[in-house]
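Raw my_file11.pdb, PDB, C-alpha atoms:
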```pdb
MODEL        1
ATOM      1  CA  MET A  56     -40.931  -7.621  71.396
ATOM      2  CA  SER A  57     -38.238  -7.282  68.786
ATOM      3  CA  ARG A  58     -37.575  -3.669  67.912
ATOM      4  CA  VAL A  59     -35.208  -4.624  65.119
ATOM      5  CA  GLY A  60     -37.673  -7.121  63.681
ATOM      6  CA  ASN A  61     -40.577  -4.673  63.720
ATOM      7  CA  ARG A  62     -38.838  -1.822  61.900
ATOM      8  CA  LEU A  63     -40.073  -0.988  58.420
ATOM      9  CA  LEU A  64     -37.484  -1.112  55.655
ATOM     10  CA  SER A  65     -37.884   1.383  52.843
ATOM     11  CA  ILE A  66     -36.826   0.199  49.396
ATOM     12  CA  PRO A  67     -34.559   2.675  47.527
ATOM     13  CA  SER A  68     -35.831   3.792  44.122
ATOM     14  CA  ASP A  69     -33.102   1.997  42.149
ATOM     15  CA  VAL A  70     -33.583  -1.354  43.933
ATOM     16  CA  ASN A  71     -35.920  -4.174  42.896
ATOM     17  CA  VAL A  72     -37.186  -6.652  45.519
ATOM     18  CA  GLU A  73     -38.766 -10.031  44.717
ATOM     19  CA  ILE A  74     -40.245 -12.133  47.515
ATOM     20  CA  GLU A  75     -40.476 -15.867  46.919
ATOM     21  CA  LYS A  76     -41.602 -18.671  49.225
ATOM     22  CA  PHE A  77     -38.466 -18.741  51.403
ATOM     23  CA  LEU A  78     -36.182 -16.191  49.720
ATOM     24  CA  VAL A  79     -35.982 -12.419  49.279
ATOM     25  CA  LYS A  80     -34.096 -11.420  46.116
ATOM     26  CA  VAL A  81     -32.718  -7.880  46.154
ATOM     27  CA  THR A  82     -31.365  -6.481  42.879
ATOM     28  CA  GLY A  83     -29.622  -3.130  42.450
ATOM     29  CA  LYS A  84     -26.839  -1.392  40.574
ATOM     30  CA  LEU A  85     -24.126  -3.264  42.520
ATOM     31  CA  GLY A  86     -25.522  -6.754  42.030
ATOM     32  CA  THR A  87     -28.078  -9.246  43.289
ATOM     33  CA  LEU A  88     -28.310 -10.709  46.781
ATOM     34  CA  ALA A  89     -30.614 -13.428  48.090
ATOM     35  CA  VAL A  90     -31.677 -13.482  51.743
ATOM     36  CA  PRO A  91     -33.226 -16.785  52.914
ATOM     37  CA  PHE A  92     -35.855 -16.874  55.666
ATOM     38  CA  ASP A  93     -37.926 -19.546  57.407
ATOM     39  CA  SER A  94     -41.354 -19.351  55.768
ATOM     40  CA  LYS A  95     -42.938 -21.442  58.543
ATOM     41  CA  LYS A  96     -42.012 -18.920  61.240
ATOM     42  CA  LEU A  97     -41.830 -15.629  59.314
ATOM     43  CA  SER A  98     -43.606 -13.835  56.511
ATOM     44  CA  VAL A  99     -42.110 -11.028  54.427
ATOM     45  CA  LEU A 100     -44.411  -8.503  52.753
ATOM     46  CA  ASN A 101     -43.756  -5.752  50.218
ATOM     47  CA  LYS A 102     -46.286  -2.902  50.641
ATOM     48  CA  ASP A 103     -45.933   0.614  49.233
ATOM     49  CA  SER A 104     -42.154   0.248  48.659
ATOM     50  CA  MET A 105     -41.709  -0.865  52.277
ATOM     51  CA  ILE A 106     -40.641  -4.319  53.469
ATOM     52  CA  ILE A 107     -42.424  -5.699  56.520
ATOM     53  CA  VAL A 108     -41.231  -8.829  58.355
ATOM     54  CA  LYS A 109     -43.876 -10.503  60.534
ATOM     55  CA  ARG A 110     -43.553 -13.536  62.762
ATOM     56  CA  ALA A 111     -46.080 -16.340  63.155
ATOM     57  CA  ASN A 112     -45.773 -16.858  66.923
ATOM     58  CA  ASP A 113     -43.948 -15.615  70.017
ATOM     59  CA  GLU A 114     -41.552 -18.509  70.555
ATOM     60  CA  LYS A 115     -37.979 -17.623  71.443
ATOM     61  CA  GLN A 116     -36.476 -19.048  68.241
ATOM     62  CA  THR A 117     -39.015 -17.180  66.118
ATOM     63  CA  LYS A 118     -38.264 -13.893  67.881
ATOM     64  CA  MET A 119     -34.535 -14.361  67.240
ATOM     65  CA  LEU A 120     -35.108 -15.130  63.558
ATOM     66  CA  HIS A 121     -37.418 -12.101  63.279
ATOM     67  CA  GLY A 122     -34.710  -9.555  64.096
ATOM     68  CA  THR A 123     -31.964 -11.403  62.252
ATOM     69  CA  THR A 124     -33.968 -11.681  59.039
ATOM     70  CA  ASN A 125     -34.914  -8.000  59.172
ATOM     71  CA  ALA A 126     -31.261  -7.012  59.676
ATOM     72  CA  ASN A 127     -30.097  -9.276  56.824
ATOM     73  CA  ILE A 128     -32.650  -7.765  54.443
ATOM     74  CA  LYS A 129     -31.597  -4.252  55.463
ATOM     75  CA  ASN A 130     -27.921  -5.125  54.843
ATOM     76  CA  ALA A 131     -28.856  -6.483  51.409
ATOM     77  CA  LEU A 132     -30.786  -3.305  50.535
ATOM     78  CA  ILE A 133     -27.835  -1.110  51.527
ATOM     79  CA  GLY A 134     -25.353  -3.453  49.833
ATOM     80  CA  VAL A 135     -26.923  -3.451  46.365
ATOM     81  CA  SER A 136     -27.567   0.304  46.381
ATOM     82  CA  GLN A 137     -24.525   1.824  48.186
ATOM     83  CA  GLY A 138     -22.195  -1.071  49.001
ATOM     84  CA  HIS A 139     -20.322  -1.941  52.188
ATOM     85  CA  THR A 140     -16.746  -0.864  52.927
ATOM     86  CA  LYS A 141     -14.060  -2.019  55.364
ATOM     87  CA  LYS A 142     -10.760  -0.188  55.724
ATOM     88  CA  LEU A 143      -7.610  -1.755  57.145
ATOM     89  CA  LYS A 144      -4.335  -0.115  58.073
ATOM     90  CA  VAL A 145      -0.971  -1.851  58.015
ATOM     91  CA  THR A 146       1.479  -0.633  60.657
ATOM     92  CA  GLY A 147       5.104  -1.697  60.983
ATOM     93  CA  VAL A 148       8.510  -1.184  59.423
ATOM     94  CA  GLY A 149       8.528  -2.860  56.013
ATOM     95  CA  TYR A 150       4.889  -3.953  56.300
ATOM     96  CA  ARG A 151       3.027  -3.295  53.063
ATOM     97  CA  ALA A 152       0.152  -4.459  50.883
ATOM     98  CA  ALA A 153      -0.314  -4.517  47.106
ATOM     99  CA  VAL A 154      -3.138  -5.623  44.825
ATOM    100  CA  SER A 155      -2.397  -7.203  41.454
ATOM    101  CA  GLY A 156      -5.287  -8.607  39.439
ATOM    102  CA  ASP A 157      -7.410 -10.856  41.643
ATOM    103  CA  LYS A 158      -4.759 -11.348  44.341
ATOM    104  CA  ILE A 159      -3.530  -9.290  47.268
ATOM    105  CA  THR A 160       0.076  -9.584  48.398
ATOM    106  CA  LEU A 161       0.925  -8.811  52.026
ATOM    107  CA  SER A 162       4.447  -8.315  53.371
ATOM    108  CA  LEU A 163       4.010  -8.597  57.132
ATOM    109  CA  GLY A 164       7.459  -9.373  58.486
ATOM    110  CA  TYR A 165       7.463 -13.072  57.689
ATOM    111  CA  SER A 166      10.163 -14.709  55.573
ATOM    112  CA  HIS A 167       7.711 -14.911  52.665
ATOM    113  CA  PRO A 168       4.953 -12.722  51.234
ATOM    114  CA  ILE A 169       1.362 -13.760  51.935
ATOM    115  CA  ILE A 170      -0.726 -14.017  48.759
ATOM    116  CA  LEU A 171      -4.519 -14.209  49.102
ATOM    117  CA  ASP A 172      -7.157 -14.671  46.394
ATOM    118  CA  ILE A 173      -9.791 -11.926  46.379
ATOM    119  CA  PRO A 174     -13.314 -13.437  46.532
ATOM    120  CA  LYS A 175     -15.674 -12.779  43.631
ATOM    121  CA  GLY A 176     -17.886  -9.737  44.082
ATOM    122  CA  LEU A 177     -15.317  -7.811  46.119
ATOM    123  CA  ASN A 178     -13.259  -4.836  45.029
ATOM    124  CA  VAL A 179      -9.981  -4.498  46.936
ATOM    125  CA  SER A 180      -7.706  -1.509  46.507
ATOM    126  CA  CYS A 181      -4.594  -0.124  48.165
ATOM    127  CA  PRO A 182      -4.578   3.696  47.915
ATOM    128  CA  GLN A 183      -1.279   3.606  49.852
ATOM    129  CA  VAL A 184       0.985   0.682  50.669
ATOM    130  CA  THR A 185      -0.218   0.835  54.285
ATOM    131  CA  GLU A 186      -3.961   0.990  53.524
ATOM    132  CA  ILE A 187      -6.379  -1.654  52.288
ATOM    133  CA  VAL A 188      -9.950  -0.771  51.242
ATOM    134  CA  ILE A 189     -12.423  -3.620  50.700
ATOM    135  CA  THR A 190     -15.798  -2.857  49.090
ATOM    136  CA  GLY A 191     -18.645  -5.096  48.007
ATOM    137  CA  ALA A 192     -22.386  -5.657  48.067
ATOM    138  CA  ASP A 193     -22.490  -8.530  50.596
ATOM    139  CA  LYS A 194     -21.657  -7.281  54.092
ATOM    140  CA  ALA A 195     -20.781 -10.758  55.383
ATOM    141  CA  VAL A 196     -18.272 -11.438  52.590
ATOM    142  CA  VAL A 197     -16.645  -8.001  53.017
ATOM    143  CA  GLY A 198     -16.301  -8.507  56.780
ATOM    144  CA  GLN A 199     -15.050 -12.077  56.434
ATOM    145  CA  PHE A 200     -12.306 -11.162  53.954
ATOM    146  CA  ALA A 201     -11.237  -8.224  56.148
ATOM    147  CA  ALA A 202     -11.031 -10.607  59.119
ATOM    148  CA  VAL A 203      -8.928 -13.085  57.087
ATOM    149  CA  ILE A 204      -6.457 -10.327  56.156
ATOM    150  CA  ARG A 205      -6.310  -9.085  59.768
ATOM    151  CA  SER A 206      -5.731 -12.628  61.070
ATOM    152  CA  LYS A 207      -2.445 -12.891  59.133
ATOM    153  CA  ARG A 208      -0.804 -10.438  61.586
ATOM    154  CA  PRO A 209      -3.127  -9.026  64.269
ATOM    155  CA  PRO A 210      -1.908  -5.827  65.944
ATOM    156  CA  GLU A 211       0.328  -6.455  68.937
ATOM    157  CA  PRO A 212      -0.034  -4.352  72.099
ATOM    158  CA  TYR A 213       3.562  -3.170  72.604
ATOM    159  CA  LYS A 214       4.438  -1.371  69.383
ATOM    160  CA  GLY A 215       1.085  -1.610  67.605
ATOM    161  CA  LYS A 216       2.566  -3.458  64.613
ATOM    162  CA  GLY A 217       0.240  -5.519  62.449
ATOM    163  CA  VAL A 218      -2.976  -5.227  60.459
ATOM    164  CA  ALA A 219      -5.849  -3.423  62.186
ATOM    165  CA  TYR A 220      -9.206  -2.022  61.188
ATOM    166  CA  ALA A 221      -9.017   1.718  60.452
ATOM    167  CA  ASP A 222     -11.335   2.590  63.357
ATOM    168  CA  GLU A 223      -9.889   0.018  65.774
ATOM    169  CA  VAL A 224      -8.346   1.250  68.999
ATOM    170  CA  ILE A 225      -5.302  -0.758  70.015
ATOM    171  CA  ILE A 226      -4.749  -0.719  73.763
ATOM    172  CA  ARG A 227      -1.027  -0.313  74.209
ATOM    173  CA  LYS A 228       1.027  -1.866  77.004
ATOM    174  CA  VAL A 229       4.151  -0.453  78.555
ATOM    175  CA  GLY A 230       7.322  -2.508  78.111
ATOM    176  CA  LYS A 231       9.614  -3.949  80.768
ATOM    177  CA  THR A 232      11.729  -0.790  80.897
ATOM    178  CA  ALA A 233       8.765   1.347  81.950
ATOM    179  CA  GLU A 234       9.313   3.917  84.646
ATOM    180  CA  GLY A 235       8.753   2.483  88.103
ATOM    181  CA  SER A 236       9.759  -1.086  87.322
ATOM    182  CA  LYS A 237      13.427  -0.423  88.208
ATOM    183  CA  LYS A 238      14.347  -0.551  91.886
TER
ENDMDL
END
```

Produce structure tokens that represent the structure in this file.
Amino acid sequence: MSRVGNRLLSIPSDVNVEIEKFLVKVTGKLGTLAVPFDSKKLSVLNKDSMIIVKRANDEKQTKMLHGTTNANIKNALIGVSQGHTKKLKVTGVGYRAAVSGDKITLSLGYSHPIILDIPKGLNVSCPQVTEIVITGADKAVVGQFAAVIRSKRPPEPYKGKGVAYADEVIIRKVGKTAEGSKK
């Protein structure tokens, strides 16, 4: 039994939900998102400003799709009403980030700056030169762009230099000159 798939999703007052044959369209103040689902295995109902996802049978694939579809619809509801946010921190001497127009420029210790195009629908800001805040309605796009930025210089374990998520814990290693290694 899928606990995630069986949960009822309440629709916020400022959000409009349209259910088509194989698509759930969610429209709110931050945009419109479409969540596809397999209409042969699942059915999505809108009753009393609640969304209910039901499955047709108890096959393994159907059970997996049940929870995933419910979670995707919930992420869309939150995305169009409140938005999703990812925060990154840049650590290292001379490491910095700057946003200009629809591009973000990263100086991460390479011989050249890294310039990335910001995907449509995302709002990227740098409150400080060592902070990057990514906001948007689609949780997958926000997370993917944050992962692309982080992949340009992942945090290293000795000094902690690099780009990390704000809530990420970097497990530090001791260097070669650590106490006890000399004999």

- prompt: So what does the PyMOL selection byres ((chain A and resi 182) around 12) actually pick up in this one, as a list in words?
  reply: Lys142, Leu143, Lys144, Arg151, Ala152, Ala153, Val154, Val179, Ser180, Cys181, Gln183, Val184, Thr185, Glu186, Ile187, Val188 and Ile189 of chain A

Okay, now the selection with C-alpha atoms, as a compact mmCIF listing (two decimals), keeping the file's coordinate frame?
```txt
# COMPACT_ATOMS: atom_id res chain seq x y z
CA LYS A 142 -10.76 -0.19 55.72
CA LEU A 143 -7.61 -1.76 57.14
CA LYS A 144 -4.34 -0.12 58.07
CA ARG A 151 3.03 -3.30 53.06
CA ALA A 152 0.15 -4.46 50.88
CA ALA A 153 -0.31 -4.52 47.11
CA VAL A 154 -3.14 -5.62 44.82
CA VAL A 179 -9.98 -4.50 46.94
CA SER A 180 -7.71 -1.51 46.51
CA CYS A 181 -4.59 -0.12 48.16
CA GLN A 183 -1.28 3.61 49.85
CA VAL A 184 0.98 0.68 50.67
CA THR A 185 -0.22 0.84 54.28
CA GLU A 186 -3.96 0.99 53.52
CA ILE A 187 -6.38 -1.65 52.29
CA VAL A 188 -9.95 -0.77 51.24
CA ILE A 189 -12.42 -3.62 50.70
```

Centre and edge lengths of an axis-aligned box around all listed atoms of region 56-70 of chain A, with 6 Å added on each side, are to be given in Å to one decimal, as lines of an AutoDock Vina configuration file.
```
center_x = -37.0
center_y = -1.9
center_z = 56.8
size_x = 19.8
size_y = 23.4
size_z = 41.2
```

- prompt: To one decimal place, how far is CA of Lys96 (chain A) from CA of Ser136 (chain A) in Å?
  reply: 28.3 Å

query: For Tyr165 (chain A), which of A:Met119, A:Thr87, A:Lys129, A:Gly217 is the closest residue, counting all atoms listed in the file?
result: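 Checking each candidate against Tyr165 (chain A), we get A:Gly217 as the closest.
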
field: Counting only C-alpha atoms, the residue of A:Val135, A:Leu78, A:Ile173, A:Gly164 that sits nearest Gly149 (chain A)
entry: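 Among the listed residues, the smallest separation from Gly149 (chain A) belongs to A:Gly164.
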
Could you spell out the hits of the PyMOL selection byres ((chain A and resi 198) around 12) on the shown file, as a PDB file with C-alpha atoms, in the coordinates of the input?
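So the final result, stored in part.pdb, reads:
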```
ATOM      1  CA  HIS A 139     -20.322  -1.941  52.188  1.00  0.00           C
ATOM      2  CA  THR A 140     -16.746  -0.864  52.927  1.00  0.00           C
ATOM      3  CA  LYS A 141     -14.060  -2.019  55.364  1.00  0.00           C
ATOM      4  CA  LYS A 142     -10.760  -0.188  55.724  1.00  0.00           C
ATOM      5  CA  LEU A 143      -7.610  -1.755  57.145  1.00  0.00           C
ATOM      6  CA  PRO A 174     -13.314 -13.437  46.532  1.00  0.00           C
ATOM      7  CA  LEU A 177     -15.317  -7.811  46.119  1.00  0.00           C
ATOM      8  CA  VAL A 188      -9.950  -0.771  51.242  1.00  0.00           C
ATOM      9  CA  ILE A 189     -12.423  -3.620  50.700  1.00  0.00           C
ATOM     10  CA  THR A 190     -15.798  -2.857  49.090  1.00  0.00           C
ATOM     11  CA  GLY A 191     -18.645  -5.096  48.007  1.00  0.00           C
ATOM     12  CA  ALA A 192     -22.386  -5.657  48.067  1.00  0.00           C
ATOM     13  CA  ASP A 193     -22.490  -8.530  50.596  1.00  0.00           C
ATOM     14  CA  LYS A 194     -21.657  -7.281  54.092  1.00  0.00           C
ATOM     15  CA  ALA A 195     -20.781 -10.758  55.383  1.00  0.00           C
ATOM     16  CA  VAL A 196     -18.272 -11.438  52.590  1.00  0.00           C
ATOM     17  CA  VAL A 197     -16.645  -8.001  53.017  1.00  0.00           C
ATOM     18  CA  GLN A 199     -15.050 -12.077  56.434  1.00  0.00           C
ATOM     19  CA  PHE A 200     -12.306 -11.162  53.954  1.00  0.00           C
ATOM     20  CA  ALA A 201     -11.237  -8.224  56.148  1.00  0.00           C
ATOM     21  CA  ALA A 202     -11.031 -10.607  59.119  1.00  0.00           C
ATOM     22  CA  VAL A 203      -8.928 -13.085  57.087  1.00  0.00           C
ATOM     23  CA  ILE A 204      -6.457 -10.327  56.156  1.00  0.00           C
ATOM     24  CA  ARG A 205      -6.310  -9.085  59.768  1.00  0.00           C
ATOM     25  CA  TYR A 220      -9.206  -2.022  61.188  1.00  0.00           C
TER      26      TYR A 220
END
```

- prompt: Between A:Asn71, A:Thr123, A:Asn130, A:Lys95, which is the closest to Gly83 (chain A) once you count only C-alpha atoms?
  reply: A:Asn71

- prompt: Between A:Glu114, A:Asp93, A:Asp103, A:Asp157, which is the closest to Val79 (chain A) once you count all atoms listed in the file?
  reply: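 Distance minimum relative to Val79 (chain A) lands on A:Asp93.
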
Got a minute to add N, CA and C atoms to region 182-199 of chain A and dump it as a PDB file, in the frame of the given file?
```
ATOM      1  N   PRO A 182      -4.916   2.322  48.275  1.00  0.00           N
ATOM      2  CA  PRO A 182      -4.578   3.696  47.915  1.00  0.00           C
ATOM      3  C   PRO A 182      -3.139   4.048  48.312  1.00  0.00           C
ATOM      4  N   GLN A 183      -2.664   3.488  49.413  1.00  0.00           N
ATOM      5  CA  GLN A 183      -1.279   3.606  49.852  1.00  0.00           C
ATOM      6  C   GLN A 183      -0.813   2.199  50.200  1.00  0.00           C
ATOM      7  N   VAL A 184       0.488   2.021  50.352  1.00  0.00           N
ATOM      8  CA  VAL A 184       0.985   0.682  50.669  1.00  0.00           C
ATOM      9  C   VAL A 184       0.612   0.241  52.081  1.00  0.00           C
ATOM     10  N   THR A 185       0.169   1.175  52.914  1.00  0.00           N
ATOM     11  CA  THR A 185      -0.218   0.835  54.285  1.00  0.00           C
ATOM     12  C   THR A 185      -1.724   0.885  54.491  1.00  0.00           C
ATOM     13  N   GLU A 186      -2.507   0.959  53.423  1.00  0.00           N
ATOM     14  CA  GLU A 186      -3.961   0.990  53.524  1.00  0.00           C
ATOM     15  C   GLU A 186      -4.573  -0.057  52.613  1.00  0.00           C
ATOM     16  N   ILE A 187      -5.622  -0.701  53.095  1.00  0.00           N
ATOM     17  CA  ILE A 187      -6.379  -1.654  52.288  1.00  0.00           C
ATOM     18  C   ILE A 187      -7.852  -1.262  52.400  1.00  0.00           C
ATOM     19  N   VAL A 188      -8.529  -1.110  51.264  1.00  0.00           N
ATOM     20  CA  VAL A 188      -9.950  -0.771  51.242  1.00  0.00           C
ATOM     21  C   VAL A 188     -10.685  -1.906  50.534  1.00  0.00           C
ATOM     22  N   ILE A 189     -11.645  -2.511  51.238  1.00  0.00           N
ATOM     23  CA  ILE A 189     -12.423  -3.620  50.700  1.00  0.00           C
ATOM     24  C   ILE A 189     -13.862  -3.146  50.543  1.00  0.00           C
ATOM     25  N   THR A 190     -14.418  -3.248  49.332  1.00  0.00           N
ATOM     26  CA  THR A 190     -15.798  -2.857  49.090  1.00  0.00           C
ATOM     27  C   THR A 190     -16.530  -3.993  48.386  1.00  0.00           C
ATOM     28  N   GLY A 191     -17.835  -4.074  48.646  1.00  0.00           N
ATOM     29  CA  GLY A 191     -18.645  -5.096  48.007  1.00  0.00           C
ATOM     30  C   GLY A 191     -20.097  -4.963  48.420  1.00  0.00           C
ATOM     31  N   ALA A 192     -20.955  -5.733  47.790  1.00  0.00           N
ATOM     32  CA  ALA A 192     -22.386  -5.657  48.067  1.00  0.00           C
ATOM     33  C   ALA A 192     -22.770  -6.490  49.291  1.00  0.00           C
ATOM     34  N   ASP A 193     -22.134  -7.635  49.496  1.00  0.00           N
ATOM     35  CA  ASP A 193     -22.490  -8.530  50.596  1.00  0.00           C
ATOM     36  C   ASP A 193     -21.667  -8.184  51.841  1.00  0.00           C
ATOM     37  N   LYS A 194     -22.340  -7.727  52.877  1.00  0.00           N
ATOM     38  CA  LYS A 194     -21.657  -7.281  54.092  1.00  0.00           C
ATOM     39  C   LYS A 194     -20.892  -8.418  54.770  1.00  0.00           C
ATOM     40  N   ALA A 195     -21.441  -9.617  54.742  1.00  0.00           N
ATOM     41  CA  ALA A 195     -20.781 -10.758  55.383  1.00  0.00           C
ATOM     42  C   ALA A 195     -19.490 -11.121  54.676  1.00  0.00           C
ATOM     43  N   VAL A 196     -19.475 -11.091  53.356  1.00  0.00           N
ATOM     44  CA  VAL A 196     -18.272 -11.438  52.590  1.00  0.00           C
ATOM     45  C   VAL A 196     -17.197 -10.367  52.779  1.00  0.00           C
ATOM     46  N   VAL A 197     -17.598  -9.097  52.796  1.00  0.00           N
ATOM     47  CA  VAL A 197     -16.645  -8.001  53.017  1.00  0.00           C
ATOM     48  C   VAL A 197     -15.997  -8.142  54.395  1.00  0.00           C
ATOM     49  N   GLY A 198     -16.820  -8.359  55.420  1.00  0.00           N
ATOM     50  CA  GLY A 198     -16.301  -8.507  56.780  1.00  0.00           C
ATOM     51  C   GLY A 198     -15.442  -9.742  56.957  1.00  0.00           C
ATOM     52  N   GLN A 199     -15.822 -10.842  56.317  1.00  0.00           N
ATOM     53  CA  GLN A 199     -15.050 -12.077  56.434  1.00  0.00           C
ATOM     54  C   GLN A 199     -13.672 -11.932  55.803  1.00  0.00           C
TER      55      GLN A 199
END
```
